[in-house]
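Some notes on the structure that comes next.
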Amino acid sequence: MKLIGTEKDRLLLHFGRREKDLFLHILRLYPRVPPAHYRVSKSGPADASSQQLLEEALVEQRNENQKQLSALLGQPQRWAEQHSGWRLTLGPGEPEWLLQVLNDIRVGSWLLLGSPDDQVQVVDDGNLLHAWAMEVAGAFEISLLKVLEKRL
Amino acid sequence: MAETAVPEMLPGTVQEEQDQPAAALEPGYLVICWNDPVNFMDYVTHVFQVVFGWPKQKAQFHMLQVHEQGKSVLARESMEKAEHYVHQLQKYSLHATMERDQ
């Protein structure tokens with residue numbers, strides 16, 4: 001994923017051919033973090049409604065992210081084929097949304113690996129998908145952060 | 001020894017209570033971000049910049065506190081605002097909570 005230009009408030013990103021397939025494949029894993037994972041407080045919620053409010057807000061956000069993701073995956077016109085790969089145009093707000101989605105996949109995969117403190121020691125048939133998803137989502141996340149930094 | 005001035009107050013008069021800003025009267029809540037081994041340092045810095053509108057240097061300072069000390073207090077706010085920030089940080093899958101300021 002590379003920044004090839006900006007057009008008004010849009011970002012033009014270049015993807016290699018296999019990179020695009022990998023990108024779409026990893027995005028299809030969203031969402032990965034279980035809804036009950038997040039807690040509003042470590043010492044107990046400030047009041048009974050706080051935890052409920054948080055969960056409702058996160059569910060709403062997740063639904064919104066899924067809608068946007070369906071639009072990205074289901075609209076081939078978002079992708080323009082070029083001789084060396086593909087060009088994706090991201091509109092205002094979409095890079096932030098994409099970062100949230102990619103990090104959900106990364107963190108959710110880490111949780112599915114058992115929340116290891118360090119790198120996964122053993123990769124086997126049982127955890128290969130989770131380990132792979134965590135690393136690939138992370139790689140796209142870093143690329144997107146570099147793109148956003150260049151833009152700033 | 002220098003004398004201190006005694007405020008003049010007539011018997012039978014009631015002194016009005018000074019107005020205090022609402023934020024000072026409300027119990028405060030600390031917005032805390034906790035360390036975890038999965039979120040990238042650059043990502044955490046970016047999220048702090050976006051959510052709080054901080055310059056990169058300040059965001060990096062708090063990110064390093066999280067990384068080195070296990071947590072960083074990012075803000076002290078009313079319950080409503082603290083909830084808002086926690087929601088924003090958790091949207092980005094950061095480990096953030098709000099705790100009552102003792």
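In the structure tokens, the first chain shown is A, the next is B, and so on; residue numbers restart at 1 for each chain, and ligands run from 1 in the order shown.
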* Asked: Near B:Ala59, within 12 Å and counting only C-alpha atoms, which residues show up once chain neighbours fewer than 5 positions away are dropped, as a PyMOL selection string?
  -> chain B and resi 33+41-54+64-66+72-74
List as CSV every residue of chain B that is in contact with chain A, defined as an atom at most 12 Å from one of its atoms (using only C-alpha atoms), together with the nearest atom pair and the distance in Å rounded to one decimal, sorted by chain and then rising number.
residue,atom,partner,partner_atom,distance
B:Pro27,CA,A:Ala46,CA,10.7
B:Gly28,CA,A:Ala46,CA,10.8
B:Tyr29,CA,A:Ala46,CA,8.9
B:Leu30,CA,A:Ser41,CA,10.1
B:Val31,CA,A:Ser41,CA,9.4
B:Ile32,CA,A:Ser41,CA,9.3
B:Cys33,CA,A:Ser41,CA,10.9
B:Trp34,CA,A:Lys42,CA,10.4
B:Asn35,CA,A:Asp117,CA,11.0
B:Asp36,CA,A:Asp117,CA,8.1
B:Pro37,CA,A:Asp117,CA,5.9
B:Val38,CA,A:Val107,CA,6.5
B:Asn39,CA,A:Val107,CA,7.5
B:Phe40,CA,A:Gly138,CA,8.3
B:Met41,CA,A:Ile142,CA,10.3
B:Asp42,CA,A:Leu145,CA,7.7
B:Tyr43,CA,A:Leu145,CA,7.2
B:Val44,CA,A:Leu145,CA,10.7
B:Thr45,CA,A:Leu145,CA,10.4
B:His46,CA,A:Leu145,CA,7.9
B:Val47,CA,A:Glu96,CA,9.2
B:Gln49,CA,A:Glu149,CA,11.7
B:Val50,CA,A:Glu96,CA,9.0
B:Val51,CA,A:Glu96,CA,10.9
B:Pro55,CA,A:Leu152,CA,11.7
B:Lys56,CA,A:Glu149,CA,10.6
B:Ser78,CA,A:Ala46,CA,11.2
B:Met79,CA,A:Ala46,CA,7.9
B:Glu80,CA,A:Ser50,CA,9.4
B:Lys81,CA,A:Ser50,CA,11.9
B:Ala82,CA,A:Val40,CA,9.8
B:Glu83,CA,A:Ser50,CA,7.5
B:His84,CA,A:Leu54,CA,8.9
B:Tyr85,CA,A:Val40,CA,10.5
B:Val86,CA,A:Val40,CA,7.1
B:His87,CA,A:Leu54,CA,6.2
B:Gln88,CA,A:Leu58,CA,9.3
B:Leu89,CA,A:Gln100,CA,10.1
B:Gln90,CA,A:Tyr38,CA,7.3
B:Lys91,CA,A:Leu58,CA,6.7
B:Tyr92,CA,A:Gln100,CA,4.9
B:Ser93,CA,A:Asp104,CA,6.1
B:Leu94,CA,A:Val107,CA,9.0
B:His95,CA,A:Tyr38,CA,7.7
B:Ala96,CA,A:Val40,CA,7.5
B:Thr97,CA,A:Ser41,CA,4.7
B:Met98,CA,A:Ser41,CA,5.2
B:Glu99,CA,A:Ser41,CA,6.0
B:Arg100,CA,A:Ala46,CA,7.3
B:Asp101,CA,A:Ala46,CA,11.0
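Ranking A:His130, A:Lys8, A:Pro31, A:Arg18 by their shortest atom-to-atom distance to A:Asn63, with only C-alpha atoms included, puts A:Pro31 first.
Atom CA of A:Glu56 is positioned 28.6 Å from atom CA of A:Gln75.
Across the model, the gap from atom CA of A:Pro76 to atom CA of A:Leu22 is 15.5 Å.
Using only C-alpha atoms, the shortest contact distance between A:Ala133 and any of A:His14, A:Leu27, A:Glu19, A:Pro35 is found at A:Leu27.
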